[in-house]
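Peer 1: Please see the structure below; I have some questions.
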There are 2 protein chains.
Amino acid sequence: MGKQMTEMLKGTLEGIVLTILAARPAYGYEITAGLRDRGFSDIVEGTVYALLVRIEQRGLVDVEKVPSEKGPPRKVYSLNALGGEYLEEFWRTWSFLAERIEQLHSERAEGEH
Amino acid sequence: MGKQMTEMLKGTLEGIVLTILAARPAYGYEITAGLRDRGFSDIVEGTVYALLVRIEQRGLVDVEKVPSEKGPPRKVYSLNALGGEYLEEFWRTWSFLAERIEQLHSERAEGEH
DNA sequence: ATCCGCTATTCAGTGTTGCTATCTACCGGT
DNA sequence: ACCGGTAGATAGCAACACTGAATAGCGGAT
């Protein structure tokens, strides 16, 4: 993956995963696949699992172990109330930042000609 | 500053500063003030100086020492060719990411009702 | 029977980043 | 002599995403 993308994902990947969980509960392997489907094709399993451990430890998600037909049991994560609040703040922060960056982008575009 | 904002700035702050330098050369103290004017009010000088050291070491900017009327000499940074390329890739990466995140955001909005 | 492939999770170690806090330095005005 | 505004440097910290490898269960192919 590009270095710039790696750095930019810091802080946003967490929000992305929480948003996926807000739609419906999911387990790690499934989330990784979901990310691929949504264009985040270079995000690897190890990254996602580490992130899931973090958000679990912070109490943003509830976890349930569900036996799988294939392979080891799945850990199904679902967003809880605290996670919901956290996610709302994520979107506020994102909007704030994205607005200002887009503003910069358009200023730059005016500068070119 | 919020922890989420701190994490989100990773990777983007660099692009923001490079974009400011693309408009016109500037020195650290001036850039910090410019960030405040553009809404990034919590970014402190130490952060900016450290970033400037990094982009200088990577050869993305040229530096010129200019004596100041007040205080120690200014280090004026200007974007060079390599920095320009880097900045273009920054915007490509940003667009890619922002597009997908906004897509997620709108999906989420549809889910609520 | 054995190996391969898919599913599914874990974990130690790495590099980069932005923040905190503090220090130095120059100058003008009081 | 002192303080405030200007200007820069830096050591130490916490958080994050990535790399690479290991473990484990199951089905089907060889």
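For the structure tokens, the naming scheme is as follows: chains receive sequential letters (A, B, ...) according to their order of presentation, residues are indexed from 1 within each chain, and ligands are indexed from 1 in presentation order.
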If you run DSSP on the backbone, which residues of range 18-101 of chain B are strand (DSSP E), as a ChimeraX atom specification?

Peer 2: /B:26-27,61-66,74-79

Peer 1: Next, the residues of the selection above should be written as a short mmCIF file (atom, residue, chain, number, x, y, z; two decimals), in the first residue's frame with all heavy atoms.

Peer 2:
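So the final result, stored in part_37.cif, reads:
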data_model
loop_
_atom_site.label_atom_id
_atom_site.label_comp_id
_atom_site.auth_asym_id
_atom_site.auth_seq_id
_atom_site.Cartn_x
_atom_site.Cartn_y
_atom_site.Cartn_z
N ALA B 26 6.68 30.12 2.55
CA ALA B 26 6.33 30.63 3.88
C ALA B 26 7.27 30.05 4.92
O ALA B 26 7.94 29.05 4.67
CB ALA B 26 4.89 30.28 4.22
N TYR B 27 7.31 30.67 6.08
CA TYR B 27 8.14 30.14 7.17
C TYR B 27 7.22 29.60 8.27
O TYR B 27 6.02 29.88 8.29
CB TYR B 27 9.08 31.21 7.71
CG TYR B 27 8.43 32.49 8.14
CD1 TYR B 27 8.12 32.72 9.47
CD2 TYR B 27 8.12 33.48 7.21
CE1 TYR B 27 7.53 33.90 9.88
CE2 TYR B 27 7.53 34.65 7.60
CZ TYR B 27 7.22 34.87 8.94
OH TYR B 27 6.62 36.03 9.34
N VAL B 61 10.94 20.18 -0.12
CA VAL B 61 10.93 21.65 -0.09
C VAL B 61 12.37 22.18 -0.15
O VAL B 61 13.31 21.49 0.23
CB VAL B 61 10.26 22.18 1.19
CG1 VAL B 61 8.76 21.95 1.17
CG2 VAL B 61 10.87 21.52 2.43
N ASP B 62 12.49 23.41 -0.63
CA ASP B 62 13.76 24.12 -0.55
C ASP B 62 13.68 25.12 0.60
O ASP B 62 12.60 25.63 0.91
CB ASP B 62 14.05 24.85 -1.87
CG ASP B 62 14.23 23.86 -3.02
OD1 ASP B 62 14.68 22.73 -2.75
OD2 ASP B 62 13.93 24.23 -4.16
N VAL B 63 14.83 25.39 1.20
CA VAL B 63 14.85 26.25 2.38
C VAL B 63 15.80 27.41 2.16
O VAL B 63 16.87 27.24 1.57
CB VAL B 63 15.30 25.46 3.63
CG1 VAL B 63 15.14 26.31 4.88
CG2 VAL B 63 14.52 24.17 3.75
N GLU B 64 15.37 28.57 2.64
CA GLU B 64 16.23 29.74 2.57
C GLU B 64 16.12 30.50 3.89
O GLU B 64 15.02 30.74 4.38
CB GLU B 64 15.78 30.63 1.42
CG GLU B 64 16.79 31.70 1.06
CD GLU B 64 16.19 32.70 0.08
OE1 GLU B 64 15.04 32.48 -0.36
OE2 GLU B 64 16.85 33.70 -0.22
N LYS B 65 17.27 30.86 4.45
CA LYS B 65 17.25 31.61 5.71
C LYS B 65 17.15 33.09 5.41
O LYS B 65 17.97 33.63 4.66
CB LYS B 65 18.51 31.31 6.52
CG LYS B 65 18.22 30.39 7.68
CD LYS B 65 19.29 30.42 8.76
CE LYS B 65 18.82 29.61 9.98
NZ LYS B 65 19.80 28.66 10.45
N VAL B 66 16.17 33.73 6.00
CA VAL B 66 15.95 35.15 5.76
C VAL B 66 15.94 35.89 7.09
O VAL B 66 15.19 35.52 7.99
CB VAL B 66 14.59 35.38 5.05
CG1 VAL B 66 14.34 36.87 4.86
CG2 VAL B 66 14.56 34.64 3.72
N ARG B 74 14.24 33.79 9.87
CA ARG B 74 13.17 32.90 9.43
C ARG B 74 13.72 31.85 8.48
O ARG B 74 14.61 32.14 7.68
CB ARG B 74 12.10 33.71 8.70
CG ARG B 74 11.47 34.76 9.56
CD ARG B 74 10.68 35.73 8.69
NE ARG B 74 9.88 36.63 9.52
CZ ARG B 74 9.29 37.73 9.07
NH1 ARG B 74 9.40 38.06 7.80
NH2 ARG B 74 8.58 38.49 9.88
N LYS B 75 13.15 30.66 8.58
CA LYS B 75 13.47 29.65 7.58
C LYS B 75 12.29 29.58 6.62
O LYS B 75 11.22 29.06 6.96
CB LYS B 75 13.69 28.28 8.25
CG LYS B 75 15.05 28.16 8.93
CD LYS B 75 15.24 26.81 9.56
CE LYS B 75 15.53 25.74 8.52
NZ LYS B 75 15.79 24.41 9.19
N VAL B 76 12.53 30.11 5.42
CA VAL B 76 11.44 30.17 4.45
C VAL B 76 11.46 28.90 3.58
O VAL B 76 12.47 28.60 2.95
CB VAL B 76 11.56 31.41 3.56
CG1 VAL B 76 10.50 31.40 2.47
CG2 VAL B 76 11.44 32.68 4.41
N TYR B 77 10.35 28.20 3.58
CA TYR B 77 10.23 26.95 2.83
C TYR B 77 9.46 27.19 1.54
O TYR B 77 8.47 27.92 1.53
CB TYR B 77 9.47 25.90 3.65
CG TYR B 77 10.20 25.48 4.90
CD1 TYR B 77 10.11 26.23 6.08
CD2 TYR B 77 10.96 24.32 4.92
CE1 TYR B 77 10.77 25.83 7.23
CE2 TYR B 77 11.62 23.91 6.07
CZ TYR B 77 11.52 24.68 7.21
OH TYR B 77 12.18 24.28 8.34
N SER B 78 9.94 26.56 0.46
CA SER B 78 9.17 26.63 -0.79
C SER B 78 9.11 25.24 -1.42
O SER B 78 10.07 24.48 -1.37
CB SER B 78 9.81 27.63 -1.75
OG SER B 78 11.17 27.32 -1.94
N LEU B 79 7.98 24.94 -1.98
CA LEU B 79 7.75 23.63 -2.60
C LEU B 79 8.63 23.49 -3.85
O LEU B 79 8.66 24.39 -4.69
CB LEU B 79 6.28 23.49 -2.99
CG LEU B 79 5.75 22.09 -3.26
CD1 LEU B 79 5.66 21.31 -1.97
CD2 LEU B 79 4.39 22.16 -3.94
#

Peer 1: List as JSON lines every residue of chain D that is in contact with chain B, defined as an atom at most 10 Å from one of its atoms (using only C-alpha atoms (C1' of nucleotides)), together with the nearest atom pair and the distance in Å rounded to one decimal, sorted by chain and then rising number.

Peer 2:
{"residue": "D:DG5", "atom": "C1'", "partner": "B:Lys70", "partner_atom": "CA", "distance": 8.7}
{"residue": "D:DT6", "atom": "C1'", "partner": "B:Gly71", "partner_atom": "CA", "distance": 5.2}
{"residue": "D:DA7", "atom": "C1'", "partner": "B:Pro72", "partner_atom": "CA", "distance": 5.5}
{"residue": "D:DG8", "atom": "C1'", "partner": "B:Tyr49", "partner_atom": "CA", "distance": 7.5}
{"residue": "D:DA9", "atom": "C1'", "partner": "B:Tyr49", "partner_atom": "CA", "distance": 8.0}
{"residue": "D:DT10", "atom": "C1'", "partner": "B:Ala50", "partner_atom": "CA", "distance": 8.8}
{"residue": "D:DA15", "atom": "C1'", "partner": "B:Glu7", "partner_atom": "CA", "distance": 7.6}
{"residue": "D:DC16", "atom": "C1'", "partner": "B:Glu7", "partner_atom": "CA", "distance": 7.6}

Peer 1: As a list in words, could you give me every residue of chain C near chain A (at most 8 Å apart, counting only C-alpha atoms (C1' of nucleotides))?

Peer 2: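 Listing them in order of chain and number gives DT7, DA8, DT9, DT16 and DT17 of chain C.
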
Peer 1: Quick one: which residues from chain A are at most 8 Å off chain B, using only C-alpha atoms, as number ranges by chain?

Peer 2: A: 4-12, 16, 19, 22-23, 38-39, 90, 93-94, 98, 100-101, 104-105, 108, 111

Peer 1: Looking only at the backbone, which of the residues in chain A does DSSP tag as alpha helix (DSSP H), as a ChimeraX atom specification?

Peer 2: /A:3-9,12-23,28-37,45-57,81-111
